[in-house]
Each structure stands twice: as C-alpha cells, then as structure tokens.
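Data first, discussion second: the structure below is written as structure tokens.
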Amino acid sequence: MTSSARWDVVVAGAGPAGLAVAAACAGRGLSVVVVAPALRPWTQTYGLWADELAEAETALLGGTPAGTRYPTTLVRTGAGDHDVGRAYARLDNARVHATLLDRVGEVRTGTVEEVRAGRTAVLADGTELTGGVVVDARGSGPGTAQQRAWGVQVEGPVPDVVPGDGALLMDWAALRDPARRQAPAFLYGMGLDDGTVLLEATSLAARPPVPLPQLRDRLHAYLAQRGLRTVGDPEKVAIVLDAPATRSGAAPVGAAAGLVHPATGYSVATSLRLGPVVADAVVRGAGPAEVQALVRSRRRRATLALLGLGREVLLGLDEAQTDAFFAAFFTLPQRAWAAYLDVGSSPTAVAAAMLRVAAALPPSGRRTLLAGVARSLRRQTPGR
Ligand SMILES: Cc1cc2nc3c(=O)[nH]c(=O)nc-3n(C[C@H](O)[C@H](O)[C@H](O)COP(=O)(O)OP(=O)(O)OC[C@H]3O[C@@H](n4cnc5c(N)ncnc54)[C@H](O)[C@@H]3O)c2cc1C
C-alpha cells in the first residue's frame with residue numbers, strides 16, 4: 001500500500017462484480033470504499049445454475065439464502081423437450097445486494113473518470129480516492145456482438161410453456177420464423193415470486209445485434225397466439241459479448257475484465273465466485289497488476305479465446321442449425337456442456353466439449369460447424 005493510501009481497496013462500480021469483491025475484502029478485515037453513480041439494488045433478472053448459487057451462498061454470503069431454485073431446467077428443440085438435469089436459479093437481487101452492501105463500510109456516489117497508477121480513482125468532481133488497489137468493476141466496454149432479449153411478465157402459471165417448478169432455459173420452437181428472414185431467437189422463462197411468469201424472446205448472439213423491437217414483436221405474436229396477457233413493464237436485455245478487458249491500470253473484475261461468457265452473456269456467477277478469490281489475493285499483498293494477472297490468467301484467456309471461437313460459429317448458424325446445435329449440445333454428458341458454459345473451465349475441457357458437440361451433430365450440421373470454425377480461424381489469423 002502507498003503511504004498516502006486511505007483504504008486498502010477502492011472499488012469503482014456496484015454491480016455484482018464490484019460488490020462481490022468489496023464485501024469479500026471487507027469480510028477479510030480490509031478497509032474498502034465503493035464508489036458508483038447509484039447504489040440501488042440491481043433490476044436485471046439474474047439467472048445462474050443452482051449449484052453456482054449454493055457456492056455463492058457458502059463462499060461469499062455467509063449462508064444467506066440468495067435466490068429461488070428451479071429443480072427442472074427445460075430445453076425445447078426440434079428433438080423434443082429435455083430436462084437437462086441441472087437445477088437452475090434466479091438471484092434474489094434485493095437480498096444479495098443488501099447483504100453485500102452491509103459488509104462494506106463505506107460507499108460514495110460518484111463517477112470514476114480516471115484511475116492513476118492502479119491506485120488512485122479520480123472522480124468527476126475532482127475527488128481522489130487512493131487505495132492499495134483500485135478495482136475496476138465499471139461494467140462492460142463497447143463491442144460488436146450482443147445478446148439481446150425482450151421480456152414480459154404474464155399471469156401464471158403457464159405449465160405448457162414453463163414447467164411449474166422449473167425454468168425454461170431455451171425453447172427454439174416457440175418463436176420460429178417460417179419465412180427464415182429473422183435471426184434465430186428462443187424463448188426463455190421462469191416463474192417469479194409474485195406468481196407471474198417471465199417470458200423473454202432472446203437472440204443468443206448476433207452481430208449486428210438484433211433490434212429490440214423485432215424481439216418484442218415476435219414475443220407479442222407468440223403471446224397473442226396463446227391468449228397470454230402481459231403485466232408490468234418489459235425487461236430489455238443488451239449484453240455485449242465481445243468487449244475486451246478495460247485497460248484503466250486498475251484491477252478489472254466482472255464485465256470490465258472481459259469475463260462475460262462470449263457465447264451466452266452470463267457473468268454473474270463468475271463474479272460472485274471471483275470476489276473471495278480476489279480478496280484472498282489482496283490480503284496476500286497483491287497489487288493491481290497481480291490481481292489482473294489472476295483474473296485474466298493465461299489459462300482463462302485461452303478459454304475465453306476458444307469460447308469466442310464458439311460464438312463466431314454460432315453467429316453463422318441459421319434457425320434450424322441452431323436448433324440442431326443445442327439439441328446435440330444438451331445430449332452431451334453434463335460435465336462436458338457445463339464446462340463449455342463456464343469461463344472458469346480449462347481450455348482443454350472447453351475444446352473437448354466443442355469436439356463432442358461436433359461429433360454429436362448430424363453430418364450436415366457437422367460440416368456447417370467445421371466450416372464455421374475454419375472461417376473463424378481464418379479471420380483470427382494475423383496478416384489476413
Ligand atoms: C436485463 C439484463 C439481464 C441479464 N441477465 C443475466 C443473467 O441472467 N445472468 C447473467 O449472468 N448475466 C446476465 N446479464 C448480464 C449481466 O448483467 C452483466 O454481465 C452483469 O451485470 C455485469 O456485472 P458487473 O458487475 O461486471 O457490471 P455491471 O452490472 O454493469 O455494473 C457496473 C457498475 O459500475 C457502475 N459504473 C459505471 N460507470 C462508472 C463509473 N464511471 N464510475 C463508477 N461506477 C461506474 C455502474 O453504475 C454499476 O454499478 C443480464 C444483463 C441485462 C442487461
């Protein structure tokens with residue numbers, strides 16, 4: 001720590017990544033200040049796997065129950081309905097936010113404009129906050145590929161759409177576009193605490209991103225067919241899938257560290273898991289560069305590169321091919337597909353899952369997939 005440092009850790013940003021690191025550091029006796037433009041509970045509906053939720057409850061939240069579990073997780077493709085055998089979950093934002101914020105002694109509202117030498121956060125009003133480490137948790141930078149979704153709540157239950165005790169992870173049949181003019185989109189859904197059901201028309205990955213009104217219209221056409229009426233305000237989702245890590249000189253975490261899953265857009269479970277890992281490193285004396293090296297290790301960068309390749313392949317698939325891809329994907333053993341969905345997996349595990357899904361596809365699908373891999377590799381080869 002520099003002699004002028006007032007805190008051990010200065011955290012810029014109060015999303016899941018920032019508060020997870022801040023609370024874990026405070027829990028280890030470090031002095032922490034969090035600075036963000038607002039400190040309200042998060043409004044996004046955050047989904048994650050139930051085992052990831054349990055891990056966060058134990059490792060980060062001191063046993064506080066942190067969400068709702070869905071024992072059945074359904075994937076619906078042309079091959080039929082398939083319970084993937086891994087329970088899903090939804091974060092209880094209010095409780096998790098309050099639990100994490102409670103642990104952090106000091107919070108400030110403000111906007112960090114610059115980070116000097118990884119240790120001083122300079123706010124828009126000129127205030128300087130100096131710590132042993134500045135953690136950059138200011139969210140994602142810009143990119144070109146996005147996941148987008150338009151979500152609404154309908155009165156529940158709707159068991160023929162979303163299983164009563166379960167979550168609908170993907171339904172590739174619901175929003176089919178027989179004219180094949182629109183990008184592939186699937187229906188995602190789960191029951192909420194007030195008895196309504198959240199349904200979202202989702203474009204997994206597209207470059208350029210699918211316009212939100214297109215997803216809204218497809219969703220509303222589906223609701224009209226089924227006579228489902230909406231309640232409340234829509235949820236609009238836009239997640240950048242290919243933003244690089246920010247280069248502020250601070251220790252980046254979460255979306256700012258480029259840790260959004262390149263193909264699925266998930267990052268919250270990773271952020272909750274990394275909070276305690278980063279805090280342990282800071283307790284051991286790690287500075288900004290060491291934290292950066294831990295969070296974006298060579299192994300993780302290799303994994304992210306492979307997952308990025310997977311995203312590029314998905315971007316080239318049409319609706320029928322995407323349906324076939326996910327039908328094959330979820331027939332793999334759980335440890336194989338789960339490895340693919342986790343940016344913390346080893347590159348070897350991700351590569352093995354990619355090869356297995358290629359092998360599980362029908363020959364025409366395999367040809368498309370391999371052609372996509374070849375195209376992506378050509379694009380990534382320097383000098384071309
Ligand atoms: C509607 C929606 C639904 C989503 N659903 C899921 C999901 O189900 N599962 C999942 O894993 N992911 C989901 N995502 C993606 C996920 O939200 C993001 O990847 C996640 O919020 C990133 O967390 P983060 O803490 O890294 O950044 P953010 O949540 O973006 O937080 C950034 C923080 O930094 C603050 N900030 C910004 N600029 C400054 C500044 N200059 N100075 C100080 N503070 C600043 C912001 O106010 C905010 O507090 C969803 C996203 C959206 C939009």
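In the structure tokens, chains take the letters A, B, ... in the order shown, each chain's residues start at 1, and ligands count up from 1 in the order shown.
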
Which chain A residues have any atom within 6 Å of an atom of ligand 1, and for each, what is the nearest pair of atoms with distance in Å to one decimal, counting only C-alpha atoms and all ligand atoms, rows sorted by chain and number, as a Markdown table?
| residue | atom | partner | partner_atom_place_in_ligand_line | distance |
| --- | --- | --- | --- | --- |
| A:Ala12 | CA | ligand 1 | 43 (C) | 4.6 |
| A:Gly13 | CA | ligand 1 | 34 (O) | 3.2 |
| A:Ala14 | CA | ligand 1 | 49 (O) | 3.6 |
| A:Gly15 | CA | ligand 1 | 25 (O) | 3.4 |
| A:Pro16 | CA | ligand 1 | 25 (O) | 4.0 |
| A:Ala17 | CA | ligand 1 | 25 (O) | 3.7 |
| A:Gly18 | CA | ligand 1 | 25 (O) | 5.4 |
| A:Val35 | CA | ligand 1 | 43 (C) | 5.6 |
| A:Ala36 | CA | ligand 1 | 44 (N) | 3.7 |
| A:Pro37 | CA | ligand 1 | 47 (O) | 5.1 |
| A:Ala38 | CA | ligand 1 | 47 (O) | 5.7 |
| A:Gln44 | CA | ligand 1 | 1 (C) | 4.3 |
| A:Thr45 | CA | ligand 1 | 3 (C) | 5.3 |
| A:Tyr46 | CA | ligand 1 | 8 (O) | 3.5 |
| A:Gly47 | CA | ligand 1 | 8 (O) | 3.5 |
| A:Leu48 | CA | ligand 1 | 9 (N) | 5.7 |
| A:Thr111 | CA | ligand 1 | 42 (N) | 3.7 |
| A:Val112 | CA | ligand 1 | 42 (N) | 3.7 |
| A:Glu113 | CA | ligand 1 | 41 (N) | 5.5 |
| A:Ala137 | CA | ligand 1 | 34 (O) | 5.5 |
| A:Arg138 | CA | ligand 1 | 34 (O) | 3.4 |
| A:Gly139 | CA | ligand 1 | 27 (O) | 3.6 |
| A:Glu235 | CA | ligand 1 | 1 (C) | 5.9 |
| A:Lys236 | CA | ligand 1 | 1 (C) | 5.4 |
| A:Val237 | CA | ligand 1 | 1 (C) | 3.9 |
| A:Ala238 | CA | ligand 1 | 53 (C) | 5.2 |
| A:Ile239 | CA | ligand 1 | 51 (C) | 5.6 |
| A:Gly254 | CA | ligand 1 | 26 (O) | 3.6 |
| A:Ala255 | CA | ligand 1 | 26 (O) | 3.8 |
| A:Ala256 | CA | ligand 1 | 26 (O) | 5.8 |
| A:Val260 | CA | ligand 1 | 19 (O) | 5.7 |
| A:Gly265 | CA | ligand 1 | 15 (C) | 5.8 |
| A:Tyr266 | CA | ligand 1 | 11 (O) | 3.2 |
| A:Ser267 | CA | ligand 1 | 11 (O) | 3.9 |
| A:Val268 | CA | ligand 1 | 11 (O) | 3.9 |
| A:Ala269 | CA | ligand 1 | 11 (O) | 5.9 |

*asked:* Give me, as a PyMOL selection string, all polymer residues having an atom no more than 12 Å from A:Ser31, counting only C-alpha atoms and skipping those fewer than 5 positions away in the same chain.
replied: chain A and resi 1+5-11+22-26+103-107+130-133+279+282-283

*Name all residues at most 12 Å from A:Val75 (count only C-alpha atoms; drop same-chain ones fewer than 3 positions away) and give them as number ranges by chain.*
A: 72, 78-86, 88, 161-163, 166-174, 186-189, 323-324, 326-331

*Point out the residue among A:Thr64, A:Gln225, A:Gln321, A:Thr303 with the least atom-to-atom distance to A:Met354, counting only C-alpha atoms.*
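The closest residue to A:Met354 is A:Thr303.
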
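Between atom CA of A:Ala251 and atom CA of A:Gly118 the interatomic distance comes to 7.0 Å.
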
_as an MDAnalysis selection string, please: the residues near stretch 338-350 of chain A (cut-off 10 Å, only C-alpha atoms, same-chain neighbours under 2 positions excluded)._
chainID A and resid 49 86 259:267 269:270 273:274 295 299:307 310 329:330 332:336 352:356

Go ahead and dump the residues you just picked, N, CA, C and O atoms, as a compact mmCIF listing (two decimals), in the first residue's frame.
# COMPACT_ATOMS: atom_id res chain seq x y z
N TRP A 49 -26.90 -21.16 -12.43
CA TRP A 49 -27.22 -22.55 -12.05
C TRP A 49 -27.33 -22.63 -10.53
O TRP A 49 -26.65 -21.89 -9.80
N ARG A 86 -29.87 -30.34 -14.44
CA ARG A 86 -29.10 -29.44 -13.55
C ARG A 86 -30.06 -28.32 -13.16
O ARG A 86 -30.58 -27.62 -14.05
N LEU A 259 -14.99 -10.73 -18.64
CA LEU A 259 -15.35 -12.08 -18.17
C LEU A 259 -16.80 -12.44 -18.42
O LEU A 259 -17.33 -13.38 -17.81
N VAL A 260 -17.47 -11.73 -19.30
CA VAL A 260 -18.80 -12.14 -19.75
C VAL A 260 -18.61 -13.34 -20.67
O VAL A 260 -17.72 -13.33 -21.52
N HIS A 261 -19.41 -14.39 -20.48
CA HIS A 261 -19.27 -15.57 -21.33
C HIS A 261 -19.46 -15.16 -22.79
O HIS A 261 -20.50 -14.58 -23.13
N PRO A 262 -18.49 -15.43 -23.65
CA PRO A 262 -18.55 -14.92 -25.03
C PRO A 262 -19.74 -15.42 -25.84
O PRO A 262 -20.14 -14.76 -26.80
N ALA A 263 -20.33 -16.54 -25.48
CA ALA A 263 -21.45 -17.06 -26.27
C ALA A 263 -22.79 -16.90 -25.56
O ALA A 263 -23.82 -16.81 -26.22
N THR A 264 -22.81 -16.88 -24.24
CA THR A 264 -24.10 -16.87 -23.53
C THR A 264 -24.41 -15.56 -22.81
O THR A 264 -25.54 -15.34 -22.41
N GLY A 265 -23.41 -14.73 -22.60
CA GLY A 265 -23.63 -13.45 -21.92
C GLY A 265 -23.68 -13.54 -20.41
O GLY A 265 -23.83 -12.53 -19.73
N TYR A 266 -23.54 -14.73 -19.84
CA TYR A 266 -23.60 -14.85 -18.37
C TYR A 266 -22.29 -14.33 -17.76
O TYR A 266 -21.21 -14.54 -18.31
N SER A 267 -22.40 -13.70 -16.60
CA SER A 267 -21.18 -13.30 -15.88
C SER A 267 -21.38 -13.26 -14.38
O SER A 267 -20.41 -13.18 -13.62
N ALA A 269 -22.49 -15.39 -11.99
CA ALA A 269 -21.97 -16.48 -11.15
C ALA A 269 -20.44 -16.38 -11.07
O ALA A 269 -19.85 -16.57 -9.99
N THR A 270 -19.81 -16.07 -12.20
CA THR A 270 -18.35 -15.93 -12.21
C THR A 270 -17.92 -14.81 -11.27
O THR A 270 -16.96 -14.95 -10.50
N ARG A 273 -18.19 -15.79 -7.67
CA ARG A 273 -17.13 -16.75 -7.32
C ARG A 273 -15.78 -16.06 -7.18
O ARG A 273 -14.99 -16.41 -6.30
N LEU A 274 -15.52 -15.07 -8.04
CA LEU A 274 -14.20 -14.45 -8.02
C LEU A 274 -14.00 -13.44 -6.89
O LEU A 274 -12.87 -13.14 -6.53
N VAL A 295 -7.00 -12.63 -12.47
CA VAL A 295 -8.34 -12.63 -13.07
C VAL A 295 -8.28 -13.00 -14.54
O VAL A 295 -9.12 -13.72 -15.06
N ARG A 299 -4.41 -19.09 -18.71
CA ARG A 299 -5.38 -20.18 -18.88
C ARG A 299 -6.77 -19.62 -19.20
O ARG A 299 -7.45 -20.06 -20.10
N ARG A 300 -7.17 -18.59 -18.46
CA ARG A 300 -8.51 -18.05 -18.69
C ARG A 300 -8.60 -17.35 -20.05
O ARG A 300 -9.60 -17.43 -20.73
N ARG A 301 -7.52 -16.71 -20.45
CA ARG A 301 -7.54 -16.06 -21.76
C ARG A 301 -7.65 -17.10 -22.88
O ARG A 301 -8.35 -16.89 -23.86
N ALA A 302 -7.00 -18.23 -22.67
CA ALA A 302 -7.10 -19.30 -23.68
C ALA A 302 -8.54 -19.83 -23.73
O ALA A 302 -9.11 -20.06 -24.80
N THR A 303 -9.15 -19.99 -22.57
CA THR A 303 -10.54 -20.45 -22.51
C THR A 303 -11.47 -19.44 -23.19
O THR A 303 -12.32 -19.81 -24.00
N LEU A 304 -11.25 -18.16 -22.89
CA LEU A 304 -12.09 -17.12 -23.50
C LEU A 304 -11.93 -17.09 -25.02
O LEU A 304 -12.90 -16.90 -25.75
N ALA A 305 -10.71 -17.32 -25.49
CA ALA A 305 -10.48 -17.33 -26.94
C ALA A 305 -11.26 -18.48 -27.59
O ALA A 305 -11.89 -18.31 -28.63
N LEU A 306 -11.23 -19.64 -26.97
CA LEU A 306 -11.97 -20.79 -27.52
C LEU A 306 -13.48 -20.52 -27.50
O LEU A 306 -14.19 -20.82 -28.46
N LEU A 307 -13.95 -19.97 -26.40
CA LEU A 307 -15.39 -19.68 -26.30
C LEU A 307 -15.79 -18.60 -27.30
O LEU A 307 -16.89 -18.62 -27.85
N GLY A 310 -16.28 -20.31 -30.45
CA GLY A 310 -17.61 -20.94 -30.42
C GLY A 310 -18.71 -19.94 -30.75
O GLY A 310 -19.65 -20.25 -31.48
N PHE A 329 -25.98 -30.38 -28.18
CA PHE A 329 -25.20 -29.86 -27.04
C PHE A 329 -25.69 -30.45 -25.72
O PHE A 329 -24.91 -30.92 -24.90
N PHE A 330 -27.02 -30.45 -25.54
CA PHE A 330 -27.53 -30.89 -24.24
C PHE A 330 -27.69 -32.41 -24.14
O PHE A 330 -28.17 -32.91 -23.13
N LEU A 332 -24.86 -34.07 -24.55
CA LEU A 332 -23.52 -34.40 -24.03
C LEU A 332 -23.64 -34.68 -22.53
O LEU A 332 -24.58 -34.23 -21.88
N PRO A 333 -22.67 -35.40 -21.97
CA PRO A 333 -22.68 -35.56 -20.51
C PRO A 333 -22.65 -34.18 -19.86
O PRO A 333 -22.01 -33.25 -20.40
N GLN A 334 -23.30 -34.06 -18.70
CA GLN A 334 -23.42 -32.73 -18.09
C GLN A 334 -22.07 -32.06 -17.86
O GLN A 334 -21.92 -30.86 -18.06
N ARG A 335 -21.07 -32.87 -17.45
CA ARG A 335 -19.80 -32.20 -17.15
C ARG A 335 -19.20 -31.57 -18.41
O ARG A 335 -18.49 -30.57 -18.34
N ALA A 336 -19.52 -32.13 -19.58
CA ALA A 336 -18.98 -31.56 -20.83
C ALA A 336 -19.69 -30.25 -21.16
O ALA A 336 -19.04 -29.23 -21.40
N ALA A 352 -12.67 -29.98 -25.55
CA ALA A 352 -13.25 -31.33 -25.58
C ALA A 352 -14.76 -31.24 -25.78
O ALA A 352 -15.35 -32.01 -26.56
N ALA A 353 -15.41 -30.29 -25.11
CA ALA A 353 -16.87 -30.13 -25.27
C ALA A 353 -17.20 -29.74 -26.71
O ALA A 353 -18.16 -30.24 -27.30
N MET A 354 -16.36 -28.87 -27.29
CA MET A 354 -16.62 -28.44 -28.67
C MET A 354 -16.49 -29.62 -29.63
O MET A 354 -17.30 -29.78 -30.56
N LEU A 355 -15.50 -30.45 -29.41
CA LEU A 355 -15.33 -31.61 -30.29
C LEU A 355 -16.48 -32.59 -30.12
O LEU A 355 -16.98 -33.17 -31.09
N ARG A 356 -16.91 -32.76 -28.87
CA ARG A 356 -18.01 -33.71 -28.62
C ARG A 356 -19.29 -33.24 -29.27
O ARG A 356 -20.06 -34.04 -29.78

Please run DSSP on the backbone and report, as a compact mmCIF listing (two decimals) with all heavy atoms, in the first residue's frame, all residues within stretch 184-349 of chain A that come out as strand (DSSP E).
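Okay, states_7.txt is ready:
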# COMPACT_ATOMS: atom_id res chain seq x y z
N PHE A 186 -34.89 -17.53 -29.27
CA PHE A 186 -35.54 -18.56 -28.45
C PHE A 186 -36.32 -17.91 -27.32
O PHE A 186 -36.11 -16.74 -26.98
CB PHE A 186 -34.50 -19.56 -27.91
CG PHE A 186 -33.50 -18.97 -26.94
CD1 PHE A 186 -33.74 -18.95 -25.57
CD2 PHE A 186 -32.29 -18.43 -27.39
CE1 PHE A 186 -32.82 -18.41 -24.68
CE2 PHE A 186 -31.36 -17.88 -26.51
CZ PHE A 186 -31.63 -17.88 -25.16
N LEU A 187 -37.20 -18.71 -26.73
CA LEU A 187 -37.98 -18.23 -25.58
C LEU A 187 -37.31 -18.73 -24.30
O LEU A 187 -36.91 -19.90 -24.22
CB LEU A 187 -39.41 -18.78 -25.68
CG LEU A 187 -40.41 -18.19 -24.69
CD1 LEU A 187 -40.72 -16.73 -25.04
CD2 LEU A 187 -41.72 -19.00 -24.71
N TYR A 188 -37.18 -17.82 -23.33
CA TYR A 188 -36.56 -18.11 -22.02
C TYR A 188 -37.61 -17.75 -20.99
O TYR A 188 -38.34 -16.78 -21.20
CB TYR A 188 -35.32 -17.23 -21.91
CG TYR A 188 -34.62 -17.12 -20.58
CD1 TYR A 188 -33.73 -18.10 -20.16
CD2 TYR A 188 -34.79 -16.00 -19.75
CE1 TYR A 188 -33.03 -17.97 -18.96
CE2 TYR A 188 -34.10 -15.86 -18.55
CZ TYR A 188 -33.22 -16.86 -18.17
OH TYR A 188 -32.52 -16.73 -16.98
N GLY A 189 -37.73 -18.49 -19.92
CA GLY A 189 -38.76 -18.10 -18.96
C GLY A 189 -38.64 -18.78 -17.62
O GLY A 189 -37.99 -19.83 -17.47
N MET A 190 -39.29 -18.17 -16.64
CA MET A 190 -39.32 -18.75 -15.29
C MET A 190 -40.39 -18.05 -14.46
O MET A 190 -40.75 -16.90 -14.74
CB MET A 190 -37.96 -18.61 -14.60
CG MET A 190 -37.58 -17.19 -14.31
SD MET A 190 -35.86 -17.02 -13.85
CE MET A 190 -35.09 -17.11 -15.42
N GLY A 191 -40.90 -18.77 -13.47
CA GLY A 191 -41.89 -18.19 -12.57
C GLY A 191 -41.22 -17.20 -11.62
O GLY A 191 -40.08 -17.40 -11.19
N THR A 196 -46.36 -14.36 -11.25
CA THR A 196 -46.31 -14.15 -12.70
C THR A 196 -45.16 -14.99 -13.28
O THR A 196 -44.34 -15.55 -12.54
CB THR A 196 -46.06 -12.67 -13.05
OG1 THR A 196 -44.78 -12.28 -12.54
CG2 THR A 196 -47.15 -11.77 -12.49
N VAL A 197 -45.17 -15.07 -14.60
CA VAL A 197 -44.10 -15.83 -15.28
C VAL A 197 -43.39 -14.86 -16.22
O VAL A 197 -44.02 -14.15 -17.01
CB VAL A 197 -44.70 -17.01 -16.08
CG1 VAL A 197 -43.62 -17.73 -16.88
CG2 VAL A 197 -45.40 -17.99 -15.13
N LEU A 198 -42.06 -14.84 -16.12
CA LEU A 198 -41.25 -14.01 -17.02
C LEU A 198 -41.01 -14.78 -18.30
O LEU A 198 -40.57 -15.94 -18.26
CB LEU A 198 -39.91 -13.69 -16.34
CG LEU A 198 -38.89 -12.93 -17.19
CD1 LEU A 198 -39.30 -11.48 -17.37
CD2 LEU A 198 -37.50 -13.02 -16.59
N LEU A 199 -41.30 -14.17 -19.43
CA LEU A 199 -41.02 -14.79 -20.73
C LEU A 199 -40.18 -13.82 -21.54
O LEU A 199 -40.53 -12.63 -21.64
CB LEU A 199 -42.32 -15.10 -21.48
CG LEU A 199 -43.24 -16.16 -20.87
CD1 LEU A 199 -44.52 -16.27 -21.69
CD2 LEU A 199 -42.53 -17.52 -20.79
N GLU A 200 -39.07 -14.30 -22.09
CA GLU A 200 -38.19 -13.40 -22.85
C GLU A 200 -37.88 -13.98 -24.23
O GLU A 200 -37.45 -15.14 -24.33
CB GLU A 200 -36.87 -13.18 -22.09
CG GLU A 200 -37.07 -12.50 -20.76
CD GLU A 200 -35.80 -11.87 -20.18
OE1 GLU A 200 -34.69 -12.19 -20.64
OE2 GLU A 200 -35.94 -11.05 -19.25
N ALA A 201 -38.10 -13.16 -25.26
CA ALA A 201 -37.65 -13.52 -26.60
C ALA A 201 -36.19 -13.11 -26.68
O ALA A 201 -35.86 -11.93 -26.50
CB ALA A 201 -38.46 -12.78 -27.65
N THR A 202 -35.31 -14.08 -26.92
CA THR A 202 -33.88 -13.85 -26.77
C THR A 202 -33.11 -14.18 -28.04
O THR A 202 -33.29 -15.26 -28.61
CB THR A 202 -33.32 -14.73 -25.61
OG1 THR A 202 -34.11 -14.52 -24.45
CG2 THR A 202 -31.87 -14.41 -25.31
N SER A 203 -32.26 -13.28 -28.45
CA SER A 203 -31.31 -13.56 -29.51
C SER A 203 -29.99 -13.86 -28.81
O SER A 203 -29.42 -12.99 -28.15
CB SER A 203 -31.18 -12.32 -30.41
OG SER A 203 -29.88 -12.25 -30.94
N LEU A 204 -29.53 -15.11 -28.92
CA LEU A 204 -28.38 -15.55 -28.13
C LEU A 204 -27.14 -14.70 -28.45
O LEU A 204 -26.46 -14.22 -27.55
CB LEU A 204 -28.08 -17.02 -28.43
CG LEU A 204 -27.01 -17.66 -27.57
CD1 LEU A 204 -27.44 -17.72 -26.12
CD2 LEU A 204 -26.67 -19.05 -28.08
N ALA A 205 -26.86 -14.54 -29.71
CA ALA A 205 -25.69 -13.75 -30.12
C ALA A 205 -25.90 -13.30 -31.54
O ALA A 205 -26.27 -14.11 -32.39
CB ALA A 205 -24.42 -14.61 -30.04
N ALA A 206 -25.69 -12.03 -31.79
CA ALA A 206 -25.83 -11.53 -33.16
C ALA A 206 -24.92 -10.33 -33.37
O ALA A 206 -24.69 -9.54 -32.45
CB ALA A 206 -27.29 -11.16 -33.46
N THR A 230 -49.95 -9.48 -20.80
CA THR A 230 -48.77 -9.07 -20.02
C THR A 230 -49.17 -8.21 -18.82
O THR A 230 -50.20 -7.54 -18.84
CB THR A 230 -47.79 -8.26 -20.90
OG1 THR A 230 -48.41 -7.04 -21.27
CG2 THR A 230 -47.40 -9.02 -22.15
N VAL A 231 -48.31 -8.24 -17.81
CA VAL A 231 -48.48 -7.34 -16.66
C VAL A 231 -47.12 -6.67 -16.40
O VAL A 231 -46.09 -7.27 -16.63
CB VAL A 231 -48.92 -8.10 -15.38
CG1 VAL A 231 -50.37 -8.51 -15.47
CG2 VAL A 231 -48.06 -9.33 -15.12
N GLY A 232 -47.15 -5.42 -15.97
CA GLY A 232 -45.91 -4.73 -15.60
C GLY A 232 -45.10 -4.27 -16.80
O GLY A 232 -45.56 -4.29 -17.94
N ASP A 233 -43.88 -3.83 -16.49
CA ASP A 233 -43.01 -3.24 -17.52
C ASP A 233 -42.14 -4.32 -18.16
O ASP A 233 -41.77 -5.29 -17.51
CB ASP A 233 -42.10 -2.19 -16.88
CG ASP A 233 -42.91 -1.02 -16.34
OD1 ASP A 233 -43.94 -0.69 -16.97
OD2 ASP A 233 -42.51 -0.47 -15.29
N PRO A 234 -41.74 -4.09 -19.41
CA PRO A 234 -40.85 -5.07 -20.05
C PRO A 234 -39.43 -5.01 -19.50
O PRO A 234 -39.01 -3.98 -18.97
CB PRO A 234 -40.87 -4.65 -21.53
CG PRO A 234 -41.27 -3.22 -21.53
CD PRO A 234 -42.12 -2.99 -20.32
N GLU A 235 -38.71 -6.13 -19.62
CA GLU A 235 -37.27 -6.16 -19.32
C GLU A 235 -36.53 -6.16 -20.65
O GLU A 235 -36.79 -7.01 -21.51
CB GLU A 235 -36.90 -7.41 -18.52
CG GLU A 235 -35.39 -7.57 -18.36
CD GLU A 235 -34.98 -8.55 -17.25
OE1 GLU A 235 -35.28 -9.74 -17.36
OE2 GLU A 235 -34.36 -8.08 -16.27
N LYS A 236 -35.62 -5.21 -20.82
CA LYS A 236 -34.88 -5.11 -22.08
C LYS A 236 -33.43 -5.50 -21.81
O LYS A 236 -32.80 -4.93 -20.93
CB LYS A 236 -34.95 -3.69 -22.62
CG LYS A 236 -36.38 -3.24 -22.90
CD LYS A 236 -36.43 -1.76 -23.17
CE LYS A 236 -37.85 -1.26 -22.99
NZ LYS A 236 -37.98 0.18 -23.07
N VAL A 237 -32.96 -6.47 -22.55
CA VAL A 237 -31.62 -7.01 -22.30
C VAL A 237 -30.71 -6.69 -23.47
O VAL A 237 -31.08 -6.94 -24.62
CB VAL A 237 -31.68 -8.55 -22.11
CG1 VAL A 237 -30.29 -9.09 -21.78
CG2 VAL A 237 -32.68 -8.93 -21.03
N ALA A 238 -29.54 -6.16 -23.17
CA ALA A 238 -28.50 -5.96 -24.18
C ALA A 238 -27.17 -6.24 -23.51
O ALA A 238 -26.77 -5.51 -22.59
CB ALA A 238 -28.55 -4.53 -24.72
N ILE A 239 -26.53 -7.32 -23.90
CA ILE A 239 -25.26 -7.71 -23.26
C ILE A 239 -24.19 -7.79 -24.34
O ILE A 239 -24.32 -8.56 -25.30
CB ILE A 239 -25.39 -9.09 -22.57
CG1 ILE A 239 -26.55 -9.09 -21.56
CG2 ILE A 239 -24.09 -9.47 -21.87
CD1 ILE A 239 -26.90 -10.48 -21.03
N VAL A 240 -23.12 -7.02 -24.16
CA VAL A 240 -22.01 -7.07 -25.12
C VAL A 240 -21.24 -8.37 -24.89
O VAL A 240 -20.87 -8.69 -23.75
CB VAL A 240 -21.09 -5.84 -24.94
CG1 VAL A 240 -19.94 -5.90 -25.92
CG2 VAL A 240 -21.87 -4.55 -25.12
N ALA A 251 -7.32 -3.00 -11.25
CA ALA A 251 -7.56 -4.45 -11.30
C ALA A 251 -8.99 -4.66 -11.80
O ALA A 251 -9.93 -4.32 -11.09
CB ALA A 251 -7.39 -5.03 -9.91
N PRO A 252 -9.17 -5.18 -13.02
CA PRO A 252 -10.54 -5.30 -13.53
C PRO A 252 -11.21 -6.57 -13.02
O PRO A 252 -10.57 -7.60 -12.82
CB PRO A 252 -10.33 -5.40 -15.05
CG PRO A 252 -9.00 -6.06 -15.19
CD PRO A 252 -8.18 -5.68 -13.99

*Any chance you could list, as a list in words, the residues in stretch 138-281 of chain A that come up alpha helix (DSSP H) when DSSP is run on the backbone?*
Leu212, Pro213, Gln214, Leu215, Arg216, Asp217, Arg218, Leu219, His220, Ala221, Tyr222, Leu223, Ala224, Gln225, Arg226, Val268, Ala269, Thr270, Ser271, Leu272, Arg273, Leu274, Gly275, Pro276, Val277, Val278, Ala279, Asp280 and Ala281 of chain A

*In Å, how far is it from atom CA of A:Gly308 to atom CA of A:Gly258?*
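So the answer is 11.3 Å.
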
*Å distance separating atom CA of A:Ser248 from atom CA of A:Arg28, one decimal place*: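 Computed distance, atom CA of A:Ser248 to atom CA of A:Arg28, equals 25.6 Å.
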
*With only C-alpha atoms as the basis for distance, which of A:Glu155, A:Glu290, A:Glu114, A:Asp125 is at the shortest distance from A:Asp194?*
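Closest to A:Asp194 of all the choices is A:Glu155.
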